[in-house]
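J.: Have a look at this one before I ask anything.
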Amino acid sequence: MAGVTSPLRLTDIAAQAEVSEATVSRVLNGKSGVAAGTRHKVLAALDLLGYERPVRLKRRSNGLVGLLIPELTNPIFPAFAQVIEQALAGHGYTPVLCTQTPGGATEDELVEQLEERGVTGIVFLSGLHADSAADPSRYRRLAARGVPFVLVNGFNERISAPFVSPDDRAAADMAVRHLEDLGHRRIGLAIGPTRYVPSARKEQGFLAALPGADAEGLVQRTLFTVEGGHAAGNALLDRGCTGVVCASDMMALGVVRAARERGLRVPEDVSVVGFDDSPLIAFTDPPLTTVRQPVRAMATAAVGALLEAVGGTPVERTEYVFQPELVVRGSTAQAPGPADDPVGGPADGPVGGPAGGAAQTTQNSLPSGSWSTTA
């Protein structure tokens, strides 16, 4: 990399990494006395600015770590993958991304391929462990073969492993409370099949926040896609809902589409809340109110738990539960009054409670990144 240590380039790298030029020089010349975190910042700046790393800085990998995700079409999964891969790279491991596709390799087949390549460990994101109908013995066999692993999004008490999850019950509860504060009394829930643990927990949180037999009739189970949200949205609008809580941002966009096809305005006529806070969701029309998964905190915890197991520290069945955060944007607003009700559905009671104001001008935040554990 001829000329990389010229003053101009040193200045650029130092500015990007927010360190001194002397520190950049020490890192580029392979000198000691630089903290690992600082060295990583300099190398990241080098990569971001498009410079090739000097040969002396190329290090040998500590090993391969598999990362299994269900798909790439939902932007929350690439977001998780990116942070997990960054965390692994920071510890000297090389991530191997495996994605399941319809008609492609199954989770078991991908695990077998990773084992053939001698992976040091595996991170499962929203895998079969989250499906209560799936056989958990595959994970017991994996543990018996001495392969460390960590499971993200989907606790299963039949598997002895570290789990990392958002508090799905709290997520549904805070979404409902937000809509209630805006005066909504007919609130529906669009979720995936409840055999999946995150869906079951969101439904539990939703029903706990809306006690009464009628709430169960306002739960619509569908696919975790825009099309699934569209179908659920039509069903819930037919039942007179003025507010809809969704299990994913993609589903929420489907509900918005269903409302607009009926000539309804979001949020003036119908309020919609998503879940995930996927990249670019803040730039939809309208910007989506959503419950944010603390992706970075969860991903960092998952890598930390995996590396503890790789290092030989016994890891018991533990669930690290992270608190989500309500992010209020432009898809929620005060409920329409009875005379303005565009869907003509029955009301559960008088529209009252705090007015809340227009959602576009409100930013509600709950602590994010905090966690608790359950054995």
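How things are named: the first chain in the structure tokens is A, the next is B, and so on; residues count from 1 in each chain; ligands count from 1 in the order shown.
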Each residue of range 193-302 of chain A with at least one atom at most 10 Å from range 320-324 of chain A should appear once, together with its nearest atom pair and the corresponding distance in Å (one decimal); atoms considered: only C-alpha atoms; ordering: chain, then increasing residue number; output as a Markdown table.
T.:
```
| residue | atom | partner | partner_atom | distance |
| --- | --- | --- | --- | --- |
| A:Phe275 | CA | A:Pro324 | CA | 9.3 |
| A:Asp276 | CA | A:Pro324 | CA | 8.8 |
| A:Val291 | CA | A:Pro324 | CA | 6.4 |
| A:Arg292 | CA | A:Pro324 | CA | 5.5 |
| A:Gln293 | CA | A:Pro324 | CA | 5.2 |
| A:Pro294 | CA | A:Pro324 | CA | 6.1 |
| A:Val295 | CA | A:Pro324 | CA | 9.5 |
| A:Ala297 | CA | A:Phe322 | CA | 7.9 |
| A:Met298 | CA | A:Phe322 | CA | 7.0 |
| A:Ala301 | CA | A:Tyr320 | CA | 8.0 |
| A:Ala302 | CA | A:Tyr320 | CA | 8.8 |
```
J.: Taking 6 positions as the minimum chain separation for residues in the same chain, which residues sit within 12 Å of Arg117 in chain A when counting only C-alpha atoms? Answer as a list of chain:residue names.
T.: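 In the requested form, the answer reads A:Gly63, A:Leu64, A:Val65, A:Gly66, A:Val96, A:Leu110, A:Val111.
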J.: Atoms to include: N, CA and C atoms. Write the selected residues as a PDB file, in the first residue's frame.
T.:
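The resulting part38.pdb:
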```pdb
ATOM      1  N   GLY A  63     -10.691 -18.354  13.842  1.00  0.00           N
ATOM      2  CA  GLY A  63     -11.568 -19.460  13.480  1.00  0.00           C
ATOM      3  C   GLY A  63     -12.823 -18.966  12.785  1.00  0.00           C
ATOM      4  N   LEU A  64     -13.579 -19.890  12.247  1.00  0.00           N
ATOM      5  CA  LEU A  64     -14.837 -19.582  11.569  1.00  0.00           C
ATOM      6  C   LEU A  64     -15.995 -19.689  12.543  1.00  0.00           C
ATOM      7  N   VAL A  65     -16.954 -18.770  12.440  1.00  0.00           N
ATOM      8  CA  VAL A  65     -18.184 -18.835  13.231  1.00  0.00           C
ATOM      9  C   VAL A  65     -19.364 -18.750  12.280  1.00  0.00           C
ATOM     10  N   GLY A  66     -20.238 -19.721  12.343  1.00  0.00           N
ATOM     11  CA  GLY A  66     -21.415 -19.730  11.480  1.00  0.00           C
ATOM     12  C   GLY A  66     -22.496 -18.798  11.995  1.00  0.00           C
ATOM     13  N   VAL A  96     -19.277 -16.727   8.868  1.00  0.00           N
ATOM     14  CA  VAL A  96     -19.755 -17.427   7.674  1.00  0.00           C
ATOM     15  C   VAL A  96     -21.274 -17.318   7.674  1.00  0.00           C
ATOM     16  N   LEU A 110     -27.462 -26.873   6.645  1.00  0.00           N
ATOM     17  CA  LEU A 110     -26.476 -25.798   6.772  1.00  0.00           C
ATOM     18  C   LEU A 110     -25.557 -26.035   7.970  1.00  0.00           C
ATOM     19  N   VAL A 111     -26.118 -26.508   9.062  1.00  0.00           N
ATOM     20  CA  VAL A 111     -25.293 -26.820  10.239  1.00  0.00           C
ATOM     21  C   VAL A 111     -24.286 -27.915   9.897  1.00  0.00           C
TER      22      VAL A 111
END
```
J.: Using only C-alpha atoms, which residue out of A:His129, A:Arg195, A:Arg239, A:His91 lies closest to Glu308 in chain A?
T.: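 The closest residue to Glu308 in chain A is A:His91.
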J.: What separation in Å, quoted to one decimal, exists between CA of Ala247 in chain A and CA of Glu109 in chain A?
T.: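 Separation between CA of Ala247 in chain A and CA of Glu109 in chain A: 28.6 Å.
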J.: Run DSSP on the backbone and grab whatever in range 84-259 of chain A lands in strand (DSSP E); send it over as a ChimeraX atom specification.
T.: /A:93-99,121-125,149-152,162-166,187-191,219-221,243-246
J.: Store the residues picked out above, limited to C-alpha atoms, as a compact mmCIF listing (two decimals), in the first residue's frame.
T.:
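Output below, filename again36.txt:
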```
# COMPACT_ATOMS: atom_id res chain seq x y z
CA TYR A 93 -13.16 -14.53 14.07
CA THR A 94 -14.33 -14.91 10.49
CA PRO A 95 -18.14 -15.03 10.14
CA VAL A 96 -19.75 -17.43 7.67
CA LEU A 97 -23.26 -16.24 6.75
CA CYS A 98 -25.82 -18.91 5.89
CA THR A 99 -29.30 -17.95 4.70
CA GLY A 121 -19.28 -21.98 17.00
CA ILE A 122 -22.68 -21.03 15.57
CA VAL A 123 -25.13 -18.16 16.09
CA PHE A 124 -28.75 -19.03 15.29
CA LEU A 125 -31.06 -16.09 14.58
CA PHE A 149 -23.86 -22.09 19.95
CA VAL A 150 -26.15 -19.25 21.00
CA LEU A 151 -29.81 -18.75 20.10
CA VAL A 152 -31.29 -15.33 19.28
CA PRO A 162 -27.73 -19.20 26.12
CA PHE A 163 -30.63 -17.25 24.59
CA VAL A 164 -30.85 -13.58 23.63
CA SER A 165 -34.32 -12.05 23.22
CA PRO A 166 -36.18 -8.77 23.22
CA ILE A 187 -57.03 -1.98 18.75
CA GLY A 188 -56.03 -5.03 16.72
CA LEU A 189 -52.90 -7.19 16.60
CA ALA A 190 -51.31 -8.61 13.43
CA ILE A 191 -48.83 -11.37 14.28
CA VAL A 219 -55.83 -10.93 16.97
CA GLN A 220 -55.08 -11.79 13.34
CA ARG A 221 -52.41 -14.44 12.63
CA GLY A 243 -55.31 1.17 15.70
CA VAL A 244 -53.22 -1.84 14.67
CA VAL A 245 -50.14 -3.26 16.39
CA CYS A 246 -47.92 -5.37 14.12
```
J.: Report, in Å with one decimal, the straight-line distance from CA of Gln82 in chain A to CA of Ala15 in chain A.
T.: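 One can read the CA of Gln82 in chain A to CA of Ala15 in chain A distance as 23.5 Å.
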J.: Compile the contact shell of Asp168 in chain A as a list in words: residues with an atom at most 9 Å away, counting only C-alpha atoms, same-chain residues fewer than 2 positions apart removed.
T.: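 Here the qualifying residues turn out to be Ser165, Pro166, Ala170, Ala171, Ala172, Asp173, Pro198, Ser199, Ala200, Arg201, Lys202, Glu203, Gln204, Gly205, Gln323 and Pro324 of chain A.
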J.: At what distance in Å, to one decimal, does CA of Asp277 in chain A lie from CA of Val83 in chain A?
T.: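 Separation of CA of Val83 in chain A and CA of Asp277 in chain A: 14.9 Å.
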J.: Can you pull out every residue within 9 Å of Ser160 in chain A, counting only C-alpha atoms, but drop anything in the same chain fewer than 3 positions away, and send it as a PyMOL selection string?
T.: chain A and resi 139-140+143+156-157+315-318
J.: Taking only C-alpha atoms into account, which of A:Gly30, A:Gly154, A:Gly330, A:Gly233 comes nearest Ala282 in chain A?
T.: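 Of all the options, A:Gly330 lies closest to Ala282 in chain A.
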J.: Among the residues of range 43-262 of chain A, find those DSSP assigns to alpha helix (DSSP H) from the backbone and print them as a ChimeraX atom specification.
T.: /A:43-48,76-90,107-116,137-144,168-181,197-209,213-216,226-238,249-261
J.: Considering only C-alpha atoms, state which residue in the set A:Gly274, A:Gln334, A:Thr284, A:Ala232 is at the smallest distance from Ala259 in chain A.
T.: A:Ala232
J.: With distances taken over only C-alpha atoms, which of A:Gly183, A:Gly192, A:Pro211, A:Gly33 is nearest to Gly229 in chain A?
T.: A:Gly192
